[in-house]
Amino acid sequence: MSTASAGVQTASTQSGSDSLIIDGVEYSARLLTGSGKYKDLEETRLATEASGAQIVTVAVRRTNIGQNSDEPNLLDVISPKDYTLLPNTAMCYTADDAVRTCRLARELLDGHTLVKLEVLGDEKTLYPDLQQTYVALEILVKEDFKVMVYTNDDPIAAKRLEEMGAVAVMPLAAPIGSGLGIRNPYNIRTIVENATVPILVDAGVGTASDAAIAMELGCDGVLMNTAIAGADNPVLMASAMKKAVEAGREAYLAGRIPRKRFASASSPVDGTFF
């Protein structure tokens, strides 16, 4: 599924291929998906397969990954043999809770250290509490976790998280589960331009065009859950999101034409005889 590779830039800048590299591991898929909110594990399996995702997030506090032996286990359909699991600290409101959750995930997943850190500020907006996020990140980095961190669309905060040791920074496009799309593309572009680690839009995507815009801005990937799981047809939406991420990435690499105030003829007029 993935091969080791050094560095943090996309492989297109290194070897002519175009892969996402996180903590030295190369992934061909730039769409990351969540595993919650589906009607059952079979739908989870089908939608994940349709998305083409190689990294799948797991909300440790809300999902059974072995801690409850008498309940259905997510790992039966999203196997660590087939996917890179990304345990996350969803619904943690303090640094202590987030760190404890990551430690639990490491224990349940046989020493797994790649995690997604999110420390929320309140239940209404689900915006990150940056002060608690900084505290948790510092502890986790010291404990040798590889941390992908959820943050708001603040370029200063994003750069600080990178400097503190995050292996990827994940600014929100809009509030979690809102489906509003990218509310501040200029901030996202600024974050991307100043980063030396992967930048992945996380939260707020509603439909395929939102995912494509994120990629056209230069983001290295997009993580989503509700936009797929909450759709009328999650499996079909997962397929649409896969195509949107791929199209947006190709458009970014191709280089769009500049915006102009006035029209510009598609056919050249210089040297014509009439």
# chains A, B, ... in the order shown; residues from 1 in each chain; ligands from 1
>>> closest_atom_pairs(of="region 172-234 of chain A", to="region 241-248 of chain A", cutoff="7 Å", atoms="only C-alpha atoms", output="JSON lines")
{"residue": "A:Ala208", "atom": "CA", "partner": "A:Met241", "partner_atom": "CA", "distance": 5.1}
{"residue": "A:Ser209", "atom": "CA", "partner": "A:Ala244", "partner_atom": "CA", "distance": 6.7}
{"residue": "A:Ala211", "atom": "CA", "partner": "A:Val245", "partner_atom": "CA", "distance": 5.7}
{"residue": "A:Ala212", "atom": "CA", "partner": "A:Gly248", "partner_atom": "CA", "distance": 4.2}
{"residue": "A:Ile213", "atom": "CA", "partner": "A:Gly248", "partner_atom": "CA", "distance": 6.4}
{"residue": "A:Met215", "atom": "CA", "partner": "A:Gly248", "partner_atom": "CA", "distance": 4.8}
{"residue": "A:Glu216", "atom": "CA", "partner": "A:Gly248", "partner_atom": "CA", "distance": 4.9}
>>> write_last_selection(atoms="all heavy atoms", output="compact mmCIF listing (two decimals), in the first residue's frame")
# COMPACT_ATOMS: atom_id res chain seq x y z
N ALA A 208 -18.16 17.59 -3.62
CA ALA A 208 -16.94 17.34 -4.39
C ALA A 208 -16.23 18.63 -4.79
O ALA A 208 -15.00 18.69 -4.78
CB ALA A 208 -17.27 16.51 -5.62
N SER A 209 -16.97 19.67 -5.13
CA SER A 209 -16.33 20.91 -5.55
C SER A 209 -15.51 21.52 -4.42
O SER A 209 -14.48 22.15 -4.66
CB SER A 209 -17.37 21.92 -6.04
OG SER A 209 -18.34 22.18 -5.05
N ALA A 211 -13.81 19.86 -2.17
CA ALA A 211 -12.56 19.09 -2.14
C ALA A 211 -11.64 19.52 -3.27
O ALA A 211 -10.42 19.66 -3.08
CB ALA A 211 -12.86 17.60 -2.23
N ALA A 212 -12.20 19.73 -4.44
CA ALA A 212 -11.39 20.16 -5.58
C ALA A 212 -10.76 21.52 -5.32
O ALA A 212 -9.59 21.75 -5.64
CB ALA A 212 -12.24 20.20 -6.85
N ILE A 213 -11.52 22.44 -4.73
CA ILE A 213 -10.98 23.78 -4.43
C ILE A 213 -9.82 23.68 -3.45
O ILE A 213 -8.80 24.35 -3.62
CB ILE A 213 -12.10 24.69 -3.88
CG1 ILE A 213 -13.08 25.04 -5.00
CG2 ILE A 213 -11.52 25.95 -3.26
CD1 ILE A 213 -14.33 25.75 -4.52
N MET A 215 -7.73 21.31 -3.07
CA MET A 215 -6.56 20.81 -3.77
C MET A 215 -6.01 21.85 -4.74
O MET A 215 -4.79 21.96 -4.92
CB MET A 215 -6.90 19.52 -4.51
CG MET A 215 -7.34 18.38 -3.60
SD MET A 215 -6.18 17.99 -2.27
CE MET A 215 -4.75 17.46 -3.21
N GLU A 216 -6.88 22.62 -5.38
CA GLU A 216 -6.43 23.66 -6.29
C GLU A 216 -5.67 24.76 -5.57
O GLU A 216 -4.83 25.45 -6.16
CB GLU A 216 -7.62 24.25 -7.05
CG GLU A 216 -8.21 23.28 -8.07
CD GLU A 216 -9.52 23.79 -8.66
OE1 GLU A 216 -9.92 24.93 -8.35
OE2 GLU A 216 -10.15 23.04 -9.42
>>> select_by_dssp(residues="region 140-215 of chain A", states="strand (DSSP E)", output="list in words")
Lys146, Val147, Met148, Val149, Tyr150, Thr151, Ala168, Val169, Met170, Pro171, Leu200, Val201 and Asp202 of chain A
>>> write_last_selection(atoms="N, CA, C and O atoms", output="tab-separated table (two decimals), in the first residue's frame")
chain	number	residue	atom	x	y	z
A	146	LYS	N	3.83	10.64	16.35
A	146	LYS	CA	3.86	11.37	15.10
A	146	LYS	C	2.49	12.01	14.94
A	146	LYS	O	1.50	11.32	14.71
A	147	VAL	N	2.46	13.32	15.08
A	147	VAL	CA	1.18	14.01	15.27
A	147	VAL	C	0.75	14.82	14.05
A	147	VAL	O	1.47	15.71	13.60
A	148	MET	N	-0.43	14.49	13.53
A	148	MET	CA	-1.12	15.32	12.56
A	148	MET	C	-2.14	16.13	13.36
A	148	MET	O	-2.94	15.55	14.10
A	149	VAL	N	-2.11	17.44	13.23
A	149	VAL	CA	-2.85	18.26	14.19
A	149	VAL	C	-3.91	19.14	13.53
A	149	VAL	O	-3.64	19.82	12.54
A	150	TYR	N	-5.10	19.08	14.09
A	150	TYR	CA	-6.25	19.89	13.66
A	150	TYR	C	-6.14	21.29	14.25
A	150	TYR	O	-5.86	21.45	15.44
A	151	THR	N	-6.38	22.29	13.41
A	151	THR	CA	-6.29	23.67	13.88
A	151	THR	C	-7.27	24.54	13.11
A	151	THR	O	-7.96	24.06	12.19
A	168	ALA	N	2.15	16.91	10.21
A	168	ALA	CA	1.22	17.48	9.24
A	168	ALA	C	0.30	18.43	9.99
A	168	ALA	O	-0.02	18.20	11.16
A	169	VAL	N	-0.12	19.49	9.32
A	169	VAL	CA	-1.02	20.46	9.92
A	169	VAL	C	-2.32	20.44	9.14
A	169	VAL	O	-2.33	20.41	7.91
A	170	MET	N	-3.46	20.47	9.87
A	170	MET	CA	-4.77	20.24	9.26
A	170	MET	C	-5.74	21.36	9.60
A	170	MET	O	-6.55	21.26	10.53
A	171	PRO	N	-5.68	22.47	8.86
A	171	PRO	CA	-6.60	23.57	9.13
A	171	PRO	C	-8.02	23.25	8.67
A	171	PRO	O	-8.22	22.56	7.67
A	200	LEU	N	-3.27	19.59	5.11
A	200	LEU	CA	-4.47	18.88	4.68
A	200	LEU	C	-5.70	19.59	5.24
A	200	LEU	O	-5.78	19.81	6.46
A	201	VAL	N	-6.62	19.96	4.39
A	201	VAL	CA	-7.87	20.55	4.86
A	201	VAL	C	-8.65	19.51	5.64
A	201	VAL	O	-8.81	18.36	5.20
A	202	ASP	N	-9.14	19.90	6.80
A	202	ASP	CA	-9.84	18.97	7.68
A	202	ASP	C	-11.06	19.68	8.25
A	202	ASP	O	-10.92	20.64	9.00
>>> residues_around(residues="Leu223 (chain A)", least_positions_apart="2", cutoff="10 Å", atoms="only C-alpha atoms", output="number ranges by chain")
A: 30-34, 53, 55-57, 170, 172, 200-205, 211, 221, 225, 227
>>> closest_residue(among="A:Leu137, A:Leu46, A:Met224, A:Val235", to="Ile78 (chain A)", atoms="only C-alpha atoms")
A:Leu46
>>> select_by_dssp(residues="region 111-150 of chain A", states="alpha helix (DSSP H)", output="PyMOL selection string")
chain A and resi 130-142
>>> residues_around(residues="Ile156 (chain A)", least_positions_apart="3", cutoff="12 Å", atoms="only C-alpha atoms", output="PyMOL selection string")
chain A and resi 130+151-153+159-163+169+171+187-188+190-192+194-195
>>> write_last_selection(atoms="N, CA and C atoms", output="mmCIF file, in the first residue's frame")
data_model
loop_
_atom_site.group_PDB
_atom_site.id
_atom_site.type_symbol
_atom_site.label_atom_id
_atom_site.label_comp_id
_atom_site.auth_asym_id
_atom_site.auth_seq_id
_atom_site.Cartn_x
_atom_site.Cartn_y
_atom_site.Cartn_z
ATOM 1 N N LEU A 130 -6.683 26.234 20.902
ATOM 2 C CA LEU A 130 -5.281 26.220 20.492
ATOM 3 C C LEU A 130 -4.331 26.121 21.677
ATOM 4 N N THR A 151 -6.375 22.294 13.415
ATOM 5 C CA THR A 151 -6.292 23.672 13.884
ATOM 6 C C THR A 151 -7.275 24.535 13.108
ATOM 7 N N ASN A 152 -7.365 25.806 13.496
ATOM 8 C CA ASN A 152 -8.186 26.714 12.704
ATOM 9 C C ASN A 152 -7.374 27.217 11.508
ATOM 10 N N ASP A 153 -7.958 28.098 10.716
ATOM 11 C CA ASP A 153 -7.285 28.546 9.490
ATOM 12 C C ASP A 153 -6.423 29.778 9.743
ATOM 13 N N LYS A 159 1.840 27.637 11.524
ATOM 14 C CA LYS A 159 3.306 27.621 11.491
ATOM 15 C C LYS A 159 3.877 27.232 12.847
ATOM 16 N N ARG A 160 3.255 27.702 13.904
ATOM 17 C CA ARG A 160 3.755 27.344 15.235
ATOM 18 C C ARG A 160 3.630 25.846 15.472
ATOM 19 N N LEU A 161 2.518 25.251 15.073
ATOM 20 C CA LEU A 161 2.326 23.813 15.247
ATOM 21 C C LEU A 161 3.371 23.027 14.459
ATOM 22 N N GLU A 162 3.668 23.488 13.268
ATOM 23 C CA GLU A 162 4.733 22.851 12.481
ATOM 24 C C GLU A 162 6.064 22.934 13.215
ATOM 25 N N GLU A 163 6.387 24.112 13.718
ATOM 26 C CA GLU A 163 7.665 24.315 14.398
ATOM 27 C C GLU A 163 7.762 23.502 15.681
ATOM 28 N N VAL A 169 -0.121 19.487 9.325
ATOM 29 C CA VAL A 169 -1.021 20.464 9.922
ATOM 30 C C VAL A 169 -2.325 20.440 9.140
ATOM 31 N N PRO A 171 -5.681 22.469 8.861
ATOM 32 C CA PRO A 171 -6.597 23.575 9.129
ATOM 33 C C PRO A 171 -8.016 23.254 8.674
ATOM 34 N N ASN A 187 -6.505 32.431 3.564
ATOM 35 C CA ASN A 187 -5.742 31.932 4.701
ATOM 36 C C ASN A 187 -5.177 30.544 4.421
ATOM 37 N N ILE A 188 -5.983 29.695 3.799
ATOM 38 C CA ILE A 188 -5.502 28.348 3.468
ATOM 39 C C ILE A 188 -4.313 28.437 2.524
ATOM 40 N N THR A 190 -2.200 30.895 2.241
ATOM 41 C CA THR A 190 -1.059 31.406 2.999
ATOM 42 C C THR A 190 -0.416 30.310 3.840
ATOM 43 N N ILE A 191 -1.252 29.488 4.474
ATOM 44 C CA ILE A 191 -0.733 28.372 5.269
ATOM 45 C C ILE A 191 0.089 27.435 4.386
ATOM 46 N N VAL A 192 -0.439 27.110 3.220
ATOM 47 C CA VAL A 192 0.251 26.213 2.288
ATOM 48 C C VAL A 192 1.592 26.804 1.856
ATOM 49 N N ASN A 194 3.579 28.805 3.301
ATOM 50 C CA ASN A 194 4.584 28.951 4.353
ATOM 51 C C ASN A 194 4.968 27.639 5.014
ATOM 52 N N ALA A 195 4.433 26.532 4.536
ATOM 53 C CA ALA A 195 4.623 25.252 5.216
ATOM 54 C C ALA A 195 5.746 24.431 4.604
#
>>> residues_around(residues="Ala47 (chain A)", least_positions_apart="3", cutoff="7 Å", atoms="only C-alpha atoms", output="JSON list (two decimals) with C-alpha atoms, in the first residue's frame")
[["chain", "number", "residue", "atom", "x", "y", "z"],
["A", 43, "GLU", "CA", -21.40, 0.69, 4.65],
["A", 44, "THR", "CA", -18.18, 1.85, 6.28],
["A", 50, "ALA", "CA", -14.89, 3.56, -3.00],
["A", 51, "SER", "CA", -12.95, 6.55, -1.68],
["A", 234, "PRO", "CA", -22.31, 7.50, 0.90],
["A", 235, "VAL", "CA", -20.63, 5.02, -1.43],
["A", 238, "ALA", "CA", -17.01, 8.60, -1.67]]
